[in-house]
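The data block below is my_file.txt; it holds compact mmCIF, C-alpha atoms.
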```txt
# COMPACT_ATOMS: atom_id res chain seq x y z
CA MET A 11 0.46 6.94 -5.34
CA ILE A 12 -0.53 3.27 -5.48
CA ALA A 13 1.99 0.76 -4.10
CA ILE A 14 2.21 -2.92 -5.03
CA PHE A 15 4.00 -5.05 -2.46
CA ASP A 16 5.26 -8.59 -3.03
CA SER A 17 7.89 -10.96 -1.68
CA GLY A 18 9.75 -10.78 -5.01
CA TYR A 19 9.06 -10.76 -8.75
CA GLY A 20 5.68 -12.50 -8.50
CA GLY A 21 3.70 -9.36 -7.79
CA LEU A 22 4.47 -8.20 -11.30
CA THR A 23 1.74 -10.63 -12.42
CA VAL A 24 -0.64 -8.36 -10.49
CA PHE A 25 1.11 -5.08 -11.25
CA LYS A 26 0.94 -5.45 -15.03
CA PRO A 27 -2.84 -6.03 -15.26
CA ILE A 28 -3.40 -3.11 -12.85
CA ILE A 29 -1.39 -0.61 -14.88
CA ASN A 30 -2.98 -1.88 -18.09
CA LEU A 31 -6.45 -1.24 -16.67
CA LEU A 32 -5.63 1.88 -14.65
CA PRO A 33 -2.65 3.53 -16.42
CA GLN A 34 -3.36 7.07 -15.23
CA TYR A 35 -2.06 6.65 -11.68
CA ASP A 36 1.46 6.79 -10.25
CA TYR A 37 2.76 3.43 -9.03
CA ILE A 38 5.57 2.15 -6.87
CA TYR A 39 6.43 -1.55 -6.83
CA LEU A 40 8.35 -3.12 -3.94
CA GLY A 41 9.70 -6.65 -4.25
CA ASP A 42 11.41 -8.04 -1.14
CA SER A 43 13.51 -10.53 -3.11
CA ALA A 44 16.24 -10.62 -0.46
CA ARG A 45 13.87 -12.59 1.80
CA VAL A 46 11.87 -14.55 -0.76
CA PRO A 47 10.05 -16.92 -0.39
CA TYR A 48 7.90 -15.56 2.42
CA GLY A 49 6.05 -18.86 2.53
CA SER A 50 8.91 -20.64 4.27
CA HIS A 51 9.10 -18.10 7.11
CA SER A 52 7.24 -18.11 10.43
CA PRO A 53 4.05 -16.04 10.78
CA GLU A 54 5.93 -13.73 13.15
CA ASN A 55 8.59 -13.00 10.55
CA ILE A 56 6.03 -12.55 7.75
CA LYS A 57 4.21 -9.98 9.89
CA ARG A 58 7.47 -8.18 10.62
CA PHE A 59 8.48 -8.12 6.95
CA SER A 60 5.04 -6.79 6.05
CA GLU A 61 5.21 -4.08 8.71
CA GLU A 62 8.58 -2.95 7.38
CA ALA A 63 7.22 -2.77 3.83
CA VAL A 64 4.11 -0.85 4.89
CA GLU A 65 6.11 1.67 6.91
CA TYR A 66 8.52 2.22 4.03
CA LEU A 67 5.80 2.66 1.41
CA PHE A 68 3.62 4.98 3.48
CA SER A 69 6.66 7.09 4.36
CA HIS A 70 7.50 7.40 0.65
CA GLY A 71 4.16 8.71 -0.51
CA ALA A 72 1.90 5.69 -0.96
CA LYS A 73 -1.77 6.29 -0.20
CA LEU A 74 -3.00 2.84 -1.17
CA ILE A 75 -0.98 -0.37 -0.77
CA ILE A 76 -1.94 -3.59 -2.54
CA PHE A 77 -0.62 -6.73 -0.85
CA ALA A 78 -0.10 -8.73 -4.03
CA CYS A 79 1.76 -11.43 -2.12
CA ASN A 80 -0.70 -14.16 -1.14
CA THR A 81 1.45 -15.22 1.81
CA ALA A 82 1.57 -11.69 3.23
CA SER A 83 -2.16 -11.30 2.56
CA SER A 84 -2.91 -14.61 4.30
CA VAL A 85 -0.77 -14.09 7.37
CA ALA A 86 -0.24 -10.36 7.85
CA LEU A 87 -2.91 -8.29 6.08
CA CYS A 88 -5.37 -8.05 8.97
CA HIS A 89 -2.48 -7.38 11.36
CA VAL A 90 -1.11 -4.40 9.41
CA GLN A 91 -4.58 -3.02 8.71
CA GLN A 92 -5.30 -2.96 12.44
CA LYS A 93 -1.90 -1.45 13.24
CA TYR A 94 -1.62 1.24 10.56
CA LEU A 95 -5.21 2.22 9.77
CA LYS A 96 -6.33 3.67 13.08
CA GLY A 97 -8.42 6.80 13.58
CA LYS A 98 -7.92 9.47 10.95
CA ASP A 99 -5.38 7.26 9.16
CA GLU A 100 -8.21 5.01 8.01
CA LYS A 101 -9.61 7.84 5.87
CA GLU A 102 -6.21 8.96 4.59
CA ARG A 103 -4.77 5.64 3.39
CA LYS A 104 -5.67 2.00 2.72
CA ILE A 105 -4.13 -1.47 2.59
CA LEU A 106 -5.87 -4.08 0.42
CA GLY A 107 -5.22 -7.73 -0.38
CA VAL A 108 -5.93 -10.13 -3.24
CA LEU A 109 -7.65 -13.01 -1.45
CA ILE A 110 -11.27 -11.90 -1.10
CA PRO A 111 -11.72 -10.83 -4.75
CA VAL A 112 -10.32 -14.19 -5.89
CA ALA A 113 -12.53 -16.12 -3.45
CA GLU A 114 -15.58 -14.23 -4.75
CA GLU A 115 -14.67 -14.94 -8.36
CA VAL A 116 -14.08 -18.68 -8.00
CA SER A 117 -17.32 -19.03 -6.06
CA LYS A 118 -19.07 -17.77 -9.21
CA ILE A 119 -16.98 -19.88 -11.61
CA THR A 120 -17.17 -23.34 -10.07
CA LYS A 121 -19.96 -25.60 -11.35
CA SER A 122 -19.14 -28.68 -9.28
CA ASN A 123 -18.44 -26.83 -6.01
CA ARG A 124 -14.99 -28.42 -5.96
CA VAL A 125 -12.15 -25.89 -5.89
CA GLY A 126 -8.40 -26.42 -5.61
CA VAL A 127 -5.77 -24.05 -4.23
CA ILE A 128 -2.00 -24.21 -4.69
CA GLY A 129 0.20 -21.86 -2.70
CA THR A 130 3.16 -21.49 -0.39
CA SER A 131 3.32 -23.50 2.81
CA ALA A 132 2.30 -20.46 4.88
CA THR A 133 -0.69 -19.64 2.68
CA ILE A 134 -1.98 -23.21 2.70
CA SER A 135 -1.42 -23.58 6.46
CA SER A 136 -3.46 -20.43 7.09
CA ASN A 137 -6.54 -21.97 5.39
CA VAL A 138 -7.50 -18.44 4.43
CA TYR A 139 -8.86 -19.34 0.99
CA GLU A 140 -11.08 -22.05 2.43
CA THR A 141 -12.30 -19.63 5.11
CA GLU A 142 -13.14 -16.86 2.63
CA ILE A 143 -14.78 -19.22 0.12
CA HIS A 144 -16.94 -20.80 2.84
CA LYS A 145 -18.14 -17.34 3.91
CA ILE A 146 -19.60 -17.04 0.42
CA ASN A 147 -20.71 -20.63 -0.14
CA PRO A 148 -20.15 -23.23 2.60
CA LYS A 149 -21.11 -26.02 0.18
CA ILE A 150 -17.91 -25.58 -1.84
CA LYS A 151 -15.25 -28.18 -1.05
CA VAL A 152 -11.74 -26.74 -1.05
CA TYR A 153 -8.69 -28.91 -1.69
CA GLN A 154 -5.27 -27.43 -1.00
CA GLN A 155 -1.69 -28.23 -1.96
CA ALA A 156 1.47 -26.51 -0.74
CA CYS A 157 4.15 -26.06 -3.41
CA PRO A 158 7.16 -24.71 -1.48
CA LEU A 159 9.79 -25.20 -4.19
CA LEU A 160 8.08 -23.29 -6.99
CA VAL A 161 8.80 -19.72 -5.83
CA PRO A 162 12.57 -20.25 -5.42
CA LEU A 163 12.70 -21.89 -8.87
CA ILE A 164 10.83 -18.97 -10.44
CA GLU A 165 12.95 -16.33 -8.68
CA GLU A 166 16.06 -18.07 -10.07
CA ASP A 167 14.49 -18.17 -13.57
CA TRP A 168 14.53 -21.98 -13.51
CA HIS A 169 10.79 -22.42 -13.94
CA LYS A 170 10.96 -23.51 -17.58
CA LYS A 171 13.61 -26.17 -16.98
CA PRO A 172 12.65 -29.89 -17.02
CA GLU A 173 13.48 -30.23 -13.33
CA ALA A 174 10.95 -27.51 -12.44
CA ILE A 175 8.25 -29.06 -14.63
CA SER A 176 8.83 -32.44 -12.98
CA ILE A 177 8.39 -30.90 -9.52
CA LEU A 178 5.26 -29.08 -10.70
CA LYS A 179 3.74 -32.35 -11.93
CA LYS A 180 4.33 -33.97 -8.54
CA TYR A 181 2.64 -31.07 -6.75
CA LEU A 182 -0.37 -31.04 -9.08
CA LYS A 183 -0.99 -34.80 -9.22
CA PRO A 184 -2.79 -35.13 -5.83
CA ILE A 185 -4.95 -32.06 -6.33
CA LYS A 186 -5.90 -33.11 -9.86
CA SER A 187 -7.14 -36.44 -8.47
CA THR A 188 -9.78 -34.63 -6.35
CA ASN A 189 -11.86 -33.87 -9.46
CA ILE A 190 -11.90 -30.11 -8.99
CA ASP A 191 -13.19 -27.91 -11.79
CA THR A 192 -11.44 -24.72 -10.69
CA LEU A 193 -7.86 -24.14 -9.51
CA ILE A 194 -6.71 -21.02 -7.70
CA LEU A 195 -3.10 -19.99 -8.23
CA GLY A 196 -2.65 -18.87 -4.64
CA CYS A 197 0.73 -17.26 -5.24
CA THR A 198 1.62 -14.36 -7.54
CA HIS A 199 4.64 -16.24 -8.86
CA TYR A 200 2.66 -19.18 -10.23
CA PRO A 201 1.20 -17.44 -13.32
CA LEU A 202 4.74 -17.54 -14.69
CA MET A 203 4.14 -21.30 -14.99
CA ILE A 204 0.51 -21.05 -16.06
CA LYS A 205 0.97 -22.68 -19.47
CA ASP A 206 2.46 -25.79 -17.88
CA ILE A 207 -0.14 -25.75 -15.09
CA LYS A 208 -2.99 -25.64 -17.61
CA ARG A 209 -1.40 -28.40 -19.69
CA ILE A 210 -0.95 -30.67 -16.67
CA MET A 211 -4.40 -29.99 -15.20
CA GLY A 212 -6.24 -30.40 -18.50
CA LYS A 213 -8.83 -28.37 -20.40
CA LYS A 214 -11.72 -29.23 -18.08
CA ILE A 215 -10.19 -27.29 -15.16
CA THR A 216 -10.36 -23.49 -15.05
CA VAL A 217 -7.09 -22.03 -13.76
CA VAL A 218 -7.53 -18.74 -11.89
CA PRO A 219 -4.62 -16.31 -11.35
CA SER A 220 -5.16 -13.21 -9.24
CA GLY A 221 -3.84 -10.42 -11.49
CA GLU A 222 -6.83 -9.52 -13.66
CA ILE A 223 -9.27 -10.13 -10.80
CA THR A 224 -7.31 -7.78 -8.53
CA ALA A 225 -7.15 -5.11 -11.23
CA LYS A 226 -10.93 -5.17 -11.76
CA SER A 227 -11.53 -5.18 -8.02
CA LEU A 228 -9.24 -2.17 -7.57
CA LYS A 229 -11.02 -0.25 -10.33
CA ASP A 230 -14.35 -0.93 -8.64
CA TYR A 231 -12.95 0.01 -5.22
CA LEU A 232 -11.67 3.37 -6.44
CA ALA A 233 -14.99 4.11 -8.11
CA ARG A 234 -16.72 3.53 -4.76
CA HIS A 235 -14.17 5.38 -2.60
CA SER A 236 -13.62 8.86 -3.98
CA GLU A 237 -12.03 9.94 -0.70
CA ILE A 238 -9.06 7.69 -1.51
CA GLU A 239 -9.11 8.04 -5.30
CA GLN A 240 -8.83 11.83 -5.09
CA LYS A 241 -5.62 11.53 -3.08
CA LEU A 242 -3.86 9.47 -5.75
CA SER A 243 -1.41 11.28 -8.02
CA LYS A 244 -1.98 10.84 -11.74
CA ASN A 245 1.25 11.44 -13.66
CA LYS A 246 1.70 7.88 -15.04
CA GLN A 247 4.96 7.48 -13.14
CA ARG A 248 6.31 4.00 -12.33
CA LYS A 249 9.02 3.31 -9.79
CA PHE A 250 10.49 -0.09 -8.93
CA LEU A 251 12.18 -1.02 -5.67
CA THR A 252 13.93 -4.23 -4.66
CA THR A 253 15.77 -5.44 -1.59
CA ASP A 254 18.11 -7.56 -3.72
CA SER A 255 19.87 -7.12 -7.07
CA PRO A 256 18.43 -4.29 -9.23
CA GLU A 257 20.15 -5.76 -12.27
CA LYS A 258 18.47 -9.17 -11.81
CA PHE A 259 15.12 -7.47 -11.23
CA LYS A 260 15.41 -5.47 -14.46
CA ILE A 261 16.50 -8.49 -16.52
CA PHE A 262 13.72 -10.71 -15.15
CA THR A 263 11.04 -8.06 -15.63
CA GLU A 264 11.98 -7.26 -19.19
CA LYS A 265 12.40 -10.92 -20.13
CA HIS A 266 9.16 -12.30 -18.69
CA PHE A 267 6.80 -9.31 -18.65
CA GLY A 268 7.82 -7.40 -21.76
CA MET A 269 8.14 -4.14 -19.84
CA ARG A 270 11.07 -1.84 -20.43
CA ILE A 271 11.94 -0.33 -17.06
CA ALA A 272 14.63 1.84 -15.54
CA LEU A 273 17.08 0.15 -13.20
CA PRO A 274 15.17 -0.41 -9.92
CA GLN A 275 16.35 1.20 -6.72
CA LYS A 276 17.79 -1.07 -4.07
CA VAL A 277 16.33 -0.39 -0.63
CA GLU A 278 16.73 -1.81 2.85
CA LEU A 279 13.65 -2.49 4.94
CA LYS A 280 13.91 -1.91 8.67
CA SER A 281 11.48 -1.97 11.58
```

Using structure tokens, write down the structure from this file.
Amino acid sequence: MIAIFDSGYGGLTVFKPIINLLPQYDYIYLGDSARVPYGSHSPENIKRFSEEAVEYLFSHGAKLIIFACNTASSVALCHVQQKYLKGKDEKERKILGVLIPVAEEVSKITKSNRVGVIGTSATISSNVYETEIHKINPKIKVYQQACPLLVPLIEEDWHKKPEAISILKKYLKPIKSTNIDTLILGCTHYPLMIKDIKRIMGKKITVVPSGEITAKSLKDYLARHSEIEQKLSKNKQRKFLTTDSPEKFKIFTEKHFGMRIALPQKVELKS
């Protein structure tokens, strides 16, 4: 089983492209909406939340976990990989993130070597995108902007309201002034505002969400790692878990992603 982990609804922007490209596998989606946004928490708490999610998902049959959440990927991915993938466990199960595939893609896309990143406060503070991009091409200049209010607005389904658009414009103004040609949406929630982001940034700037890139990267990974691929069940089952309201999760998913789903199961994550 493949698990997709996110701080809330945002990971569905990664989940949907993955199941569209790789529909044959069984999937479990876990959204920790009770503690969203992760980006406003301390690194210690983000690591603890991520540990709890990993332990739950591995104990419930996951063989491969995708950290869709950029904040968790930035702050906790290396930590949980080192903790949970020791010895024989490394051959039996995997934990992957979204950051490196995105960094690789934008390094190919940019023509001016000027790339922007918007994300949560924790993701931007980690400088992880700049670090990964510079490993590929140190000549690329990376401009970053934290947008801490966007995730709460999206989780409350306020992201299409005038107030949310006004806040978005204020966040994007300074990064637009840097003359970037490529903008990374460094949070899985942000594609839910992608039409407004593209309109504000203008046609000359390529806006890059992580969903399709992650899906293609996962397909390539499984083709190269048969030892993991062979362990994945293939019954086309989908299960949704949330730490908050199952009813809100179902309504949001069906409204914004066009997916008819069964009522998610409410779970409690513990260390």

Neighbour list for A:Ser117 as an MDAnalysis selection string, cut-off 9 Å, all atoms listed in the file, skip fewer than 5 positions in-chain: chainID A and resid 112 123 125 143 146:147 150

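Put simply, atom CA of A:Lys101 is 16.4 Å away from atom CA of A:Ser69.
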
Take atom CA of A:His89 and atom CA of A:Ala13 and report the distance between them in Å, one decimal. 18.0 Å

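Across A:Trp168, A:Tyr48, A:Tyr231, A:Phe68, the tightest approach to A:Phe262 is made by A:Trp168 when counting only C-alpha atoms.
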
So how far away is atom CA of A:Glu278 from atom CA of A:Glu264, in Å? 23.2 Å

A:Leu251: which residues within 6 Å, counting only C-alpha atoms, same-chain residues fewer than 4 positions away excluded, as a PDB file with C-alpha atoms, keeping the file's coordinate frame?
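Writing done, so here's result-v4.pdb:
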```pdb
ATOM      1  CA  TYR A  39       6.430  -1.550  -6.830  1.00  0.00           C
ATOM      2  CA  LEU A  40       8.350  -3.120  -3.940  1.00  0.00           C
ATOM      3  CA  PRO A 274      15.170  -0.410  -9.920  1.00  0.00           C
ATOM      4  CA  GLN A 275      16.350   1.200  -6.720  1.00  0.00           C
ATOM      5  CA  LYS A 276      17.790  -1.070  -4.070  1.00  0.00           C
TER       6      LYS A 276
END
```

Just the residues within 8 Å of A:Thr198, please, counting all atoms listed in the file, with nothing from its chain fewer than 4 positions along; format it as a PyMOL selection string. chain A and resi 20-24+78-80+219-221

Residues of stretch 80-135 of chain A within 12 Å of stretch 179-183 of chain A: nearest atom pair and distance (Å, one decimal) for each, counting only C-alpha atoms, sorted by chain and number, as a tab-separated table?
```
residue	atom	partner	partner_atom	distance
A:Gly126	CA	A:Leu182	CA	9.9
A:Val127	CA	A:Leu182	CA	10.1
A:Ile128	CA	A:Leu182	CA	8.3
A:Gly129	CA	A:Tyr181	CA	10.4
A:Thr130	CA	A:Tyr181	CA	11.5
```

May I have the residues within 10 Å of A:Tyr94 as a JSON list (two decimals) with C-alpha atoms, in the coordinates of the input, using only C-alpha atoms and disregarding those fewer than 4 positions away in the same chain?
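Result file is around-v4.json:
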```json
[["chain", "number", "residue", "atom", "x", "y", "z"],
["A", 61, "GLU", "CA", 5.21, -4.08, 8.71],
["A", 64, "VAL", "CA", 4.11, -0.85, 4.89],
["A", 65, "GLU", "CA", 6.11, 1.67, 6.91],
["A", 68, "PHE", "CA", 3.62, 4.98, 3.48],
["A", 89, "HIS", "CA", -2.48, -7.38, 11.36],
["A", 90, "VAL", "CA", -1.11, -4.40, 9.41],
["A", 99, "ASP", "CA", -5.38, 7.26, 9.16],
["A", 100, "GLU", "CA", -8.21, 5.01, 8.01],
["A", 103, "ARG", "CA", -4.77, 5.64, 3.39],
["A", 104, "LYS", "CA", -5.67, 2.00, 2.72],
["A", 105, "ILE", "CA", -4.13, -1.47, 2.59]]
```

What lies within 12 Å of A:Leu31 using only C-alpha atoms, ignoring chain neighbours under 6 positions off, as a compact mmCIF listing (two decimals) with C-alpha atoms, in the coordinates of the input?
```
# COMPACT_ATOMS: atom_id res chain seq x y z
CA VAL A 24 -0.64 -8.36 -10.49
CA PHE A 25 1.11 -5.08 -11.25
CA GLY A 221 -3.84 -10.42 -11.49
CA GLU A 222 -6.83 -9.52 -13.66
CA ILE A 223 -9.27 -10.13 -10.80
CA THR A 224 -7.31 -7.78 -8.53
CA ALA A 225 -7.15 -5.11 -11.23
CA LYS A 226 -10.93 -5.17 -11.76
CA SER A 227 -11.53 -5.18 -8.02
CA LEU A 228 -9.24 -2.17 -7.57
CA LYS A 229 -11.02 -0.25 -10.33
CA ASP A 230 -14.35 -0.93 -8.64
```

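Taking only C-alpha atoms into account, A:Val108 lies nearest to A:Ile194 out of the set A:Ile194, A:Ala156, A:Ile164, A:Ile175.
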
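Nearest-residue note for A:Ile38: choosing from A:Leu242, A:Val116, A:Ala233, A:Met203, the minimum distance belongs to A:Leu242, counting all atoms listed in the file.
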
Which one is closest to A:Phe267: A:Tyr37, A:Ile119, A:Gly71, A:Lys26? Count all atoms listed in the file. A:Lys26

Go ahead and find all residues with at least one atom no further than 10 Å from (17.6, -6.6, -12.3) in the file's coordinates, using only C-alpha atoms; report them as a list in words. Thr252, Asp254, Ser255, Pro256, Glu257, Lys258, Phe259, Lys260, Ile261, Phe262, Thr263, Glu264, Ile271, Ala272, Leu273, Pro274, Gln275 and Lys276 of chain A

Protein, DNA and RNA residues within 10 Å of (-7.9, -27.8, -4.5), only C-alpha atoms, as a PDB file with C-alpha atoms, keeping the file's coordinate frame:
```
ATOM      1  CA  ARG A 124     -14.990 -28.420  -5.960  1.00  0.00           C
ATOM      2  CA  VAL A 125     -12.150 -25.890  -5.890  1.00  0.00           C
ATOM      3  CA  GLY A 126      -8.400 -26.420  -5.610  1.00  0.00           C
ATOM      4  CA  VAL A 127      -5.770 -24.050  -4.230  1.00  0.00           C
ATOM      5  CA  ILE A 128      -2.000 -24.210  -4.690  1.00  0.00           C
ATOM      6  CA  GLU A 140     -11.080 -22.050   2.430  1.00  0.00           C
ATOM      7  CA  LYS A 151     -15.250 -28.180  -1.050  1.00  0.00           C
ATOM      8  CA  VAL A 152     -11.740 -26.740  -1.050  1.00  0.00           C
ATOM      9  CA  TYR A 153      -8.690 -28.910  -1.690  1.00  0.00           C
ATOM     10  CA  GLN A 154      -5.270 -27.430  -1.000  1.00  0.00           C
ATOM     11  CA  GLN A 155      -1.690 -28.230  -1.960  1.00  0.00           C
ATOM     12  CA  LEU A 182      -0.370 -31.040  -9.080  1.00  0.00           C
ATOM     13  CA  PRO A 184      -2.790 -35.130  -5.830  1.00  0.00           C
ATOM     14  CA  ILE A 185      -4.950 -32.060  -6.330  1.00  0.00           C
ATOM     15  CA  LYS A 186      -5.900 -33.110  -9.860  1.00  0.00           C
ATOM     16  CA  SER A 187      -7.140 -36.440  -8.470  1.00  0.00           C
ATOM     17  CA  THR A 188      -9.780 -34.630  -6.350  1.00  0.00           C
ATOM     18  CA  ASN A 189     -11.860 -33.870  -9.460  1.00  0.00           C
ATOM     19  CA  ILE A 190     -11.900 -30.110  -8.990  1.00  0.00           C
ATOM     20  CA  ASP A 191     -13.190 -27.910 -11.790  1.00  0.00           C
ATOM     21  CA  THR A 192     -11.440 -24.720 -10.690  1.00  0.00           C
ATOM     22  CA  LEU A 193      -7.860 -24.140  -9.510  1.00  0.00           C
ATOM     23  CA  ILE A 194      -6.710 -21.020  -7.700  1.00  0.00           C
ATOM     24  CA  LEU A 195      -3.100 -19.990  -8.230  1.00  0.00           C
TER      25      LEU A 195
END
```

Given 8 Å on each side, where is the centre and what are the edge lengths in Å to one decimal of the axis-aligned box enclosing the listed atoms of stretch 73-83 of chain A, as lines of an AutoDock Vina configuration file?
```
center_x = -0.6
center_y = -4.5
center_z = -0.4
size_x = 20.8
size_y = 37.5
size_z = 23.3
```

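With distances taken over only C-alpha atoms, A:Ala72 is the one residue among A:Ile28, A:Leu67, A:Ala72, A:Ile56 lying closest to A:Ile238.
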
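Using all atoms listed in the file, the nearest neighbour of A:Cys197 within the list A:Gln92, A:Ser60, A:Gln34, A:Thr133 is A:Thr133.
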
Kindly write stretch 19-27 of chain A with all heavy atoms to a file, as a CSV table (one decimal), in the first residue's frame.
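Output below, filename decode24.csv:
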```
chain,number,residue,atom,x,y,z
A,19,TYR,N,-5.8,19.0,3.9
A,19,TYR,CA,-6.4,18.8,2.6
A,19,TYR,C,-5.4,18.9,1.5
A,19,TYR,O,-5.6,18.4,0.4
A,19,TYR,CB,-7.5,19.7,2.3
A,19,TYR,CG,-8.6,19.7,3.3
A,19,TYR,CD1,-9.2,20.9,3.7
A,19,TYR,CD2,-9.1,18.5,3.9
A,19,TYR,CE1,-10.2,21.0,4.7
A,19,TYR,CE2,-10.1,18.6,4.9
A,19,TYR,CZ,-10.7,19.8,5.3
A,19,TYR,OH,-11.7,19.8,6.2
A,20,GLY,N,-4.3,19.7,1.7
A,20,GLY,CA,-3.4,20.1,0.6
A,20,GLY,C,-2.8,18.9,-0.2
A,20,GLY,O,-2.6,19.0,-1.4
A,21,GLY,N,-2.5,17.8,0.5
A,21,GLY,CA,-1.9,16.7,-0.1
A,21,GLY,C,-2.7,16.0,-1.2
A,21,GLY,O,-2.2,15.3,-2.0
A,22,LEU,N,-4.0,16.4,-1.2
A,22,LEU,CA,-4.9,15.9,-2.3
A,22,LEU,C,-4.4,16.4,-3.6
A,22,LEU,O,-4.7,15.8,-4.7
A,22,LEU,CB,-6.3,16.2,-2.0
A,22,LEU,CG,-6.9,15.6,-0.7
A,22,LEU,CD1,-8.3,16.3,-0.4
A,22,LEU,CD2,-7.2,14.1,-1.0
A,23,THR,N,-3.7,17.5,-3.7
A,23,THR,CA,-3.2,18.1,-4.9
A,23,THR,C,-2.0,17.2,-5.4
A,23,THR,O,-1.7,17.3,-6.6
A,23,THR,CB,-2.7,19.5,-4.8
A,23,THR,OG1,-1.6,19.6,-3.9
A,23,THR,CG2,-3.8,20.4,-4.3
A,24,VAL,N,-1.5,16.4,-4.6
A,24,VAL,CA,-0.5,15.4,-4.9
A,24,VAL,C,-1.1,14.0,-5.1
A,24,VAL,O,-0.8,13.3,-6.1
A,24,VAL,CB,0.6,15.3,-3.9
A,24,VAL,CG1,1.6,14.2,-4.2
A,24,VAL,CG2,1.4,16.6,-3.8
A,25,PHE,N,-2.0,13.7,-4.3
A,25,PHE,CA,-2.7,12.4,-4.3
A,25,PHE,C,-3.4,12.2,-5.7
A,25,PHE,O,-3.3,11.1,-6.3
A,25,PHE,CB,-3.7,12.3,-3.2
A,25,PHE,CG,-4.5,11.1,-3.2
A,25,PHE,CD1,-4.0,9.9,-2.7
A,25,PHE,CD2,-5.8,11.1,-3.6
A,25,PHE,CE1,-4.8,8.7,-2.7
A,25,PHE,CE2,-6.6,9.9,-3.6
A,25,PHE,CZ,-6.1,8.7,-3.1
A,26,LYS,N,-4.2,13.2,-6.1
A,26,LYS,CA,-5.0,13.0,-7.3
A,26,LYS,C,-4.1,12.7,-8.6
A,26,LYS,O,-4.4,11.8,-9.3
A,26,LYS,CB,-5.9,14.2,-7.6
A,26,LYS,CG,-6.9,14.0,-8.7
A,26,LYS,CD,-7.9,15.1,-8.8
A,26,LYS,CE,-8.9,14.8,-9.9
A,26,LYS,NZ,-9.9,16.0,-10.0
A,27,PRO,N,-3.0,13.5,-8.8
A,27,PRO,CA,-2.2,13.2,-10.0
A,27,PRO,C,-1.5,11.8,-9.8
A,27,PRO,O,-1.3,11.1,-10.9
A,27,PRO,CB,-1.1,14.3,-9.9
A,27,PRO,CG,-1.7,15.4,-9.2
A,27,PRO,CD,-2.6,14.8,-8.2
```
